[in-house]
>>> print(open('model_38.cif').read())   # mmCIF, C-alpha atoms and all ligand atoms
data_structure
#
loop_
_atom_site.label_atom_id
_atom_site.label_comp_id
_atom_site.auth_asym_id
_atom_site.auth_seq_id
_atom_site.Cartn_x
_atom_site.Cartn_y
_atom_site.Cartn_z
CA MET A 1 2.64 12.35 -25.00
CA ALA A 2 -0.67 14.23 -25.17
CA LEU A 3 -1.03 17.03 -22.64
CA VAL A 4 -2.51 15.53 -19.47
CA THR A 5 -4.98 17.88 -17.85
CA ASN A 6 -6.79 15.49 -15.48
CA VAL A 7 -5.21 12.81 -13.35
CA CYS A 8 -7.80 10.25 -14.54
CA GLU A 9 -6.24 10.46 -18.02
CA TYR A 10 -3.18 8.57 -16.78
CA GLU A 11 -5.33 5.46 -16.48
CA GLU A 12 -6.31 5.59 -20.15
CA LEU A 13 -2.70 6.26 -21.21
CA ALA A 14 -1.46 3.37 -19.07
CA LYS A 15 -4.00 1.05 -20.67
CA HIS A 16 -2.48 1.72 -24.08
CA LYS A 17 1.15 1.63 -22.97
CA LEU A 18 1.36 -1.28 -20.53
CA PRO A 19 1.09 -5.00 -21.27
CA LYS A 20 -2.41 -6.25 -20.36
CA MET A 21 -1.15 -8.39 -17.46
CA VAL A 22 0.56 -5.36 -15.89
CA TYR A 23 -2.31 -2.92 -16.49
CA ASP A 24 -4.79 -5.38 -14.99
CA PHE A 25 -2.56 -5.95 -11.94
CA TYR A 26 -2.43 -2.20 -11.24
CA ALA A 27 -6.01 -1.32 -12.11
CA THR A 28 -8.34 -4.10 -11.05
CA GLY A 29 -9.84 -5.16 -7.73
CA ALA A 30 -11.08 -8.32 -6.06
CA GLU A 31 -14.02 -10.45 -7.22
CA ASP A 32 -16.95 -8.34 -8.58
CA GLN A 33 -14.94 -5.12 -8.03
CA TRP A 34 -17.93 -3.56 -6.26
CA THR A 35 -15.71 -1.96 -3.60
CA LEU A 36 -13.24 -0.74 -6.22
CA ARG A 37 -16.05 1.19 -7.95
CA GLU A 38 -17.66 2.30 -4.69
CA ASN A 39 -14.34 3.81 -3.52
CA SER A 40 -14.53 6.48 -6.23
CA GLU A 41 -18.32 6.76 -6.37
CA ALA A 42 -18.43 7.56 -2.63
CA PHE A 43 -15.98 10.42 -3.20
CA SER A 44 -18.12 11.77 -6.05
CA ARG A 45 -21.14 11.96 -3.71
CA ILE A 46 -19.26 14.34 -1.38
CA LEU A 47 -19.93 17.87 -2.59
CA PHE A 48 -18.37 21.17 -1.59
CA GLN A 49 -20.24 23.88 0.30
CA PRO A 50 -18.22 26.87 -0.89
CA ARG A 51 -17.76 29.93 1.32
CA VAL A 52 -16.75 33.16 -0.37
CA LEU A 53 -15.01 36.42 0.42
CA VAL A 54 -12.27 34.96 2.54
CA ASP A 55 -8.63 35.88 1.90
CA VAL A 56 -7.18 33.17 -0.37
CA SER A 57 -4.09 35.07 -1.45
CA CYS A 58 -1.91 32.75 0.62
CA ILE A 59 -2.95 29.09 0.80
CA ASN A 60 -1.07 26.68 3.01
CA MET A 61 -2.09 23.01 2.92
CA SER A 62 0.87 21.75 4.94
CA THR A 63 0.34 19.43 7.89
CA SER A 64 2.35 16.92 9.90
CA VAL A 65 2.24 13.15 10.34
CA LEU A 66 4.03 11.57 13.34
CA GLY A 67 5.78 14.93 13.73
CA TYR A 68 7.08 15.08 10.13
CA ASN A 69 6.00 18.09 8.11
CA ILE A 70 4.47 17.47 4.69
CA SER A 71 3.36 20.04 2.13
CA MET A 72 -0.21 18.72 1.76
CA PRO A 73 -2.49 16.16 3.40
CA ILE A 74 -1.62 13.56 0.76
CA MET A 75 0.96 10.79 1.12
CA ILE A 76 2.09 7.96 -1.15
CA ALA A 77 0.52 4.63 -0.17
CA PRO A 78 2.58 1.46 -0.43
CA THR A 79 2.13 -0.18 -3.82
CA ALA A 80 3.97 -3.21 -5.13
CA LEU A 81 6.21 -3.61 -8.16
CA HIS A 82 6.70 -0.17 -9.74
CA LYS A 83 9.28 -1.58 -12.18
CA LEU A 84 6.49 -3.33 -14.04
CA ALA A 85 5.67 0.17 -15.33
CA HIS A 86 9.04 1.96 -15.39
CA PRO A 87 12.68 0.80 -15.31
CA GLU A 88 13.53 3.13 -12.41
CA GLY A 89 10.67 1.77 -10.29
CA GLU A 90 10.33 2.90 -6.67
CA VAL A 91 13.52 5.01 -6.88
CA ALA A 92 11.70 7.40 -9.23
CA THR A 93 8.62 7.39 -6.97
CA ALA A 94 10.81 8.28 -3.98
CA ARG A 95 12.33 11.19 -5.92
CA ALA A 96 8.85 12.45 -6.82
CA ALA A 97 7.66 12.15 -3.20
CA ALA A 98 10.66 14.14 -1.96
CA ALA A 99 10.12 16.82 -4.64
CA ALA A 100 6.47 17.11 -3.57
CA GLU A 101 7.62 17.25 0.08
CA THR A 102 5.50 14.36 1.22
CA ILE A 103 6.04 10.93 2.76
CA MET A 104 6.36 7.75 0.71
CA THR A 105 5.66 4.32 2.17
CA LEU A 106 7.76 1.63 0.51
CA SER A 107 6.00 -1.70 -0.06
CA SER A 108 7.55 -4.95 1.18
CA TRP A 109 6.93 -6.05 -2.42
CA SER A 110 8.98 -3.28 -3.92
CA SER A 111 10.91 -3.99 -7.10
CA CYS A 112 13.82 -1.87 -5.81
CA SER A 113 15.62 -2.66 -2.56
CA ILE A 114 15.26 -0.67 0.66
CA GLU A 115 18.82 0.58 0.21
CA GLU A 116 18.43 1.52 -3.49
CA VAL A 117 15.40 3.64 -2.67
CA ASN A 118 17.47 5.51 -0.10
CA LEU A 119 19.94 6.48 -2.81
CA ALA A 120 17.10 8.52 -4.36
CA GLY A 121 18.13 11.22 -1.88
CA PRO A 122 16.66 12.79 1.22
CA GLY A 123 12.99 12.40 2.13
CA VAL A 124 10.87 10.95 4.92
CA ARG A 125 9.96 7.32 4.22
CA PHE A 126 7.93 4.69 6.02
CA PHE A 127 8.26 0.93 5.44
CA GLN A 128 5.20 -1.26 4.81
CA LEU A 129 5.48 -4.67 6.41
CA SER A 130 3.81 -7.91 5.41
CA ILE A 131 4.21 -10.60 8.05
CA TYR A 132 5.94 -13.70 6.66
CA LYS A 133 5.73 -17.09 8.37
CA ASP A 134 9.49 -16.81 8.91
CA ARG A 135 9.71 -14.31 11.78
CA ASN A 136 13.54 -14.08 11.49
CA LEU A 137 13.02 -12.78 7.99
CA VAL A 138 10.50 -10.21 9.26
CA GLN A 139 12.97 -9.09 11.90
CA GLN A 140 15.72 -8.73 9.28
CA LEU A 141 13.47 -6.55 7.11
CA ILE A 142 12.64 -4.28 10.04
CA GLN A 143 16.31 -3.94 10.97
CA ARG A 144 17.24 -3.05 7.38
CA ALA A 145 14.49 -0.41 7.28
CA GLU A 146 15.63 1.04 10.60
CA LYS A 147 19.26 1.12 9.48
CA ALA A 148 18.30 2.85 6.24
CA GLY A 149 16.52 5.59 8.21
CA TYR A 150 12.86 4.72 7.57
CA LYS A 151 10.72 6.48 10.18
CA ALA A 152 7.77 4.12 10.80
CA ILE A 153 6.50 0.61 10.16
CA VAL A 154 3.19 0.41 8.30
CA LEU A 155 1.76 -2.98 9.20
CA THR A 156 -0.71 -4.20 6.58
CA VAL A 157 -3.45 -6.18 8.33
CA ASP A 158 -6.05 -6.73 5.60
CA ALA A 159 -4.14 -9.22 3.47
CA PRO A 160 -3.60 -12.56 5.24
CA TRP A 161 -4.72 -14.02 1.91
CA LEU A 162 -4.50 -12.18 -1.37
CA GLY A 163 -7.92 -11.01 -2.56
CA ARG A 164 -9.31 -13.03 -5.45
CA ARG A 165 -8.33 -10.69 -8.27
CA GLU A 166 -9.96 -12.42 -11.17
CA ALA A 167 -7.98 -10.57 -13.85
CA ASP A 168 -4.70 -11.79 -12.28
CA VAL A 169 -6.11 -15.33 -12.21
CA LYS A 170 -7.13 -15.13 -15.89
CA ASN A 171 -3.78 -13.58 -16.90
CA ARG A 172 -1.86 -16.14 -14.80
CA PHE A 173 -0.03 -13.19 -13.25
CA THR A 174 3.69 -13.68 -12.86
CA LEU A 175 6.81 -11.48 -13.00
CA PRO A 176 8.75 -10.78 -16.19
CA GLN A 177 12.46 -11.73 -16.11
CA ASN A 178 13.70 -8.20 -15.35
CA VAL A 179 11.49 -7.65 -12.27
CA MET A 180 11.64 -9.28 -8.84
CA LEU A 181 10.59 -8.67 -5.25
CA LYS A 182 13.96 -7.01 -4.80
CA ILE A 183 13.83 -6.63 -1.02
CA PHE A 184 13.99 -10.43 -0.80
CA GLU A 185 16.91 -10.84 -3.19
CA GLY A 186 19.35 -13.31 -1.64
CA LEU A 187 16.71 -14.42 0.88
CA ASP A 188 15.17 -16.95 -1.51
CA GLN A 189 11.77 -15.26 -1.43
CA GLY A 190 12.13 -12.86 -4.35
CA LYS A 191 10.62 -14.92 -7.15
CA ILE A 192 6.99 -15.50 -8.04
CA ASP A 193 6.51 -18.86 -9.69
CA LYS A 194 4.34 -19.37 -12.75
CA THR A 195 1.10 -21.10 -11.71
CA ASN A 196 -2.20 -22.00 -13.25
CA GLY A 197 -3.73 -18.85 -11.70
CA SER A 198 -2.35 -15.74 -9.98
CA GLY A 199 1.31 -16.34 -9.13
CA LEU A 200 1.11 -13.59 -6.49
CA ALA A 201 -1.86 -15.24 -4.77
CA ALA A 202 0.07 -18.52 -4.64
CA TYR A 203 3.12 -16.67 -3.25
CA VAL A 204 1.05 -15.05 -0.50
CA ALA A 205 -0.62 -18.37 0.38
CA SER A 206 2.77 -20.02 0.81
CA GLN A 207 4.69 -17.20 2.56
CA ILE A 208 2.35 -14.99 4.60
CA ASP A 209 1.49 -15.81 8.22
CA ARG A 210 -2.28 -16.15 8.43
CA SER A 211 -2.15 -16.72 12.19
CA PHE A 212 -0.85 -13.19 12.91
CA SER A 213 -3.29 -11.46 15.27
CA TRP A 214 -3.57 -8.56 17.75
CA LYS A 215 -1.34 -10.18 20.37
CA ASP A 216 1.51 -10.32 17.81
CA ILE A 217 1.54 -6.52 17.65
CA LYS A 218 3.21 -6.74 21.06
CA TRP A 219 5.87 -9.00 19.53
CA LEU A 220 6.43 -6.46 16.77
CA GLN A 221 6.98 -3.76 19.37
CA THR A 222 9.68 -5.87 21.00
CA VAL A 223 11.69 -6.01 17.77
CA THR A 224 11.44 -2.35 16.73
CA SER A 225 11.50 1.02 18.38
CA LEU A 226 9.86 2.60 15.32
CA PRO A 227 6.22 3.67 15.62
CA VAL A 228 3.81 1.08 14.18
CA LEU A 229 0.89 2.25 12.03
CA VAL A 230 -1.82 -0.35 11.41
CA LYS A 231 -3.04 -0.20 7.79
CA GLY A 232 -6.29 -1.73 6.62
CA ILE A 233 -8.85 -0.88 9.29
CA ILE A 234 -12.26 0.63 8.53
CA THR A 235 -14.23 0.09 11.77
CA ALA A 236 -14.32 1.99 15.06
CA GLN A 237 -14.06 -1.33 16.95
CA ASP A 238 -10.74 -2.26 15.34
CA THR A 239 -9.45 1.29 15.72
CA ARG A 240 -10.08 1.09 19.46
CA ILE A 241 -8.26 -2.26 19.69
CA ALA A 242 -5.31 -0.96 17.64
CA ILE A 243 -4.88 1.94 20.03
CA GLU A 244 -5.18 -0.38 23.06
CA TYR A 245 -2.36 -2.49 21.60
CA GLY A 246 -0.12 0.57 21.31
CA ALA A 247 -0.36 1.43 17.61
CA ALA A 248 1.00 4.91 16.92
CA GLY A 249 -1.85 5.36 14.46
CA ILE A 250 -4.10 3.65 11.97
CA ILE A 251 -4.35 3.99 8.21
CA MET A 252 -7.97 3.56 7.23
CA SER A 253 -8.12 1.55 4.04
CA ASN A 254 -9.95 -1.25 2.24
CA HIS A 255 -6.81 -1.86 0.15
CA GLY A 256 -8.31 -0.10 -2.86
CA GLY A 257 -10.96 -2.82 -3.20
CA ARG A 258 -8.24 -5.39 -3.92
CA GLN A 259 -8.84 -7.60 -0.88
CA LEU A 260 -12.34 -8.32 0.51
CA ASP A 261 -15.05 -7.22 -1.93
CA TYR A 262 -18.37 -5.69 -0.76
CA LEU A 263 -16.74 -3.55 1.92
CA PRO A 264 -17.94 0.05 2.17
CA ALA A 265 -15.78 2.76 0.65
CA THR A 266 -13.16 3.87 3.16
CA ILE A 267 -14.23 7.51 2.90
CA SER A 268 -17.75 6.59 4.02
CA CYS A 269 -16.35 5.05 7.25
CA LEU A 270 -14.17 8.01 8.14
CA GLU A 271 -16.67 10.06 10.13
CA VAL A 272 -17.65 7.22 12.49
CA VAL A 273 -14.01 6.40 13.24
CA CYS A 274 -13.05 10.06 13.77
CA HIS A 275 -15.96 10.65 16.15
CA MET A 276 -15.66 7.46 18.20
C1 LIG B 301 -1.08 -1.78 -7.77
C2 LIG B 301 -1.29 -1.73 -6.29
C3 LIG B 301 -0.39 -2.38 -5.45
C4 LIG B 301 -0.55 -2.32 -4.06
N1 LIG B 301 0.38 -2.91 -3.26
C5 LIG B 301 0.25 -2.81 -1.91
C6 LIG B 301 1.25 -3.36 -1.06
O1 LIG B 301 2.25 -3.92 -1.51
N2 LIG B 301 1.06 -3.25 0.28
C7 LIG B 301 -0.03 -2.62 0.82
O2 LIG B 301 -0.16 -2.54 2.05
N3 LIG B 301 -0.98 -2.08 0.03
C8 LIG B 301 -0.86 -2.15 -1.32
N4 LIG B 301 -1.81 -1.58 -2.12
C9 LIG B 301 -2.94 -0.84 -1.52
C10 LIG B 301 -2.61 0.64 -1.39
O3 LIG B 301 -1.62 0.85 -0.40
C11 LIG B 301 -3.86 1.46 -1.00
O4 LIG B 301 -4.40 0.92 0.18
C12 LIG B 301 -4.89 1.44 -2.10
O5 LIG B 301 -4.31 1.93 -3.29
C13 LIG B 301 -6.14 2.27 -1.78
O6 LIG B 301 -5.86 3.51 -1.25
P1 LIG B 301 -6.45 3.89 0.20
O7 LIG B 301 -5.94 2.87 1.14
O8 LIG B 301 -5.90 5.25 0.47
O9 LIG B 301 -7.93 3.89 0.06
C14 LIG B 301 -1.66 -1.62 -3.52
C15 LIG B 301 -2.57 -0.97 -4.36
C16 LIG B 301 -2.39 -1.01 -5.73
C17 LIG B 301 -3.38 -0.29 -6.62
#
>>> encode(input="model_38.cif", output="structure tokens")
Amino acid sequence: MALVTNVCEYEELAKHKLPKMVYDFYATGAEDQWTLRENSEAFSRILFQPRVLVDVSCINMSTSVLGYNISMPIMIAPTALHKLAHPEGEVATARAAAAAETIMTLSSWSSCSIEEVNLAGPGVRFFQLSIYKDRNLVQQLIQRAEKAGYKAIVLTVDAPWLGRREADVKNRFTLPQNVMLKIFEGLDQGKIDKTNGSGLAAYVASQIDRSFSWKDIKWLQTVTSLPVLVKGIITAQDTRIAIEYGAAGIIMSNHGGRQLDYLPATISCLEVVCHM
């Protein structure tokens, strides 16, 4: 492999290596992909104001999240289906997170099971939860995560429907034979059927509870003692409500431009939320 000197080069390499359906699933956003582009353009408009002649012989970027120390203010967001890109899937990601001394959040739509990921070795992990219509199933997932030692529930709140990802529709996205939503193995919810559009969008439409709302956060707190982080908020109003409902924290996010298009870049909403 050519020597990678800039993280953006991975995208180009992936484009050549991965099947088109997989690359498009990882790389594209919803509808016109305006938010997807704006997410990086907004970062590129933020410039440094460098200060000089300060002692930089010892640099420490460590911080803590929910009381857990991490080596840098960067964590691994929940992302679905790592085995589409590598046979070791989320197990390898968990090993990398532990080596970098940071926290990984495992997606509900992981291609390795909660328990397999634990075999990757020590490391602080959170579990991302999507709310299924079947609340018993949701409760089972939470219990498995608790038993396996996951430290927090990351509740995704910006995906009651899957965003209209046009590339997935065109590619008729579905899973190859060797990959499944492994956490649901044996629960009858691990397969994505072939459809005339995005198989994942059809799966979400049939399984995910679109009626879930703020009051249900209270229900969630009755079935877990883990802290609940609400992921997918970008406004001060929703941040205030999340705190009122007892969230341990929020994860500001527009889902990488994969859900509702024409939302502002998350980074451009940060200041308002922090200063509310
Ligand atoms: C390929 C891919 C799969 C993703 N899968 C999930 C998922 O299963 N659950 C979830 O809550 N977010 C998922 N996301 C969204 C990410 O967690 C994250 O929100 C996004 O990459 C943007 O980063 P940001 O939220 O830090 O801005 C996925 C993103 C990508 C690119």
>>> closest_residue(input="model_38.cif", among="A:Ala242, A:Leu229, A:Leu137, A:Ala148", to="Glu116 in chain A", atoms="all atoms listed in the file")
A:Ala148
>>> residues_near_ligand(input="model_38.cif", ligand="ligand LIG 301 (chain B)", cutoff="6 Å", atoms="only C-alpha atoms and all ligand atoms", output="list in words")
Tyr26, Ala77, Pro78, Thr79, Ala80, Ser107, Trp109, Thr156, Ser253, Asn254, His255 and Gly256 of chain A
>>> residues_around(input="model_38.cif", residues="range 202-208 of chain A", least_positions_apart="5", cutoff="6 Å", atoms="all atoms listed in the file", output="list in words")
Ile131, Tyr132 and Lys133 of chain A
>>> write_last_selection(input="model_38.cif", atoms="C-alpha atoms", output="JSON list (two decimals), in the frame of the given file")
[["chain", "number", "residue", "atom", "x", "y", "z"],
["A", 131, "ILE", "CA", 4.21, -10.60, 8.05],
["A", 132, "TYR", "CA", 5.94, -13.70, 6.66],
["A", 133, "LYS", "CA", 5.73, -17.09, 8.37]]
>>> residues_around(input="model_38.cif", residues="Pro73 in chain A", least_positions_apart="6", cutoff="9 Å", atoms="all atoms listed in the file", output="number ranges by chain")
A: 61-65, 102
>>> atom_distance(input="model_38.cif", atom1="CA of Ala42 in chain A", atom2="CA of Pro264 in chain A")
8.9 Å
>>> atom_distance(input="model_38.cif", atom1="CA of Asp158 in chain A", atom2="CA of Leu260 in chain A")
8.2 Å
>>> atom_distance(input="model_38.cif", atom1="CA of Lys170 in chain A", atom2="CA of Pro19 in chain A")
14.1 Å
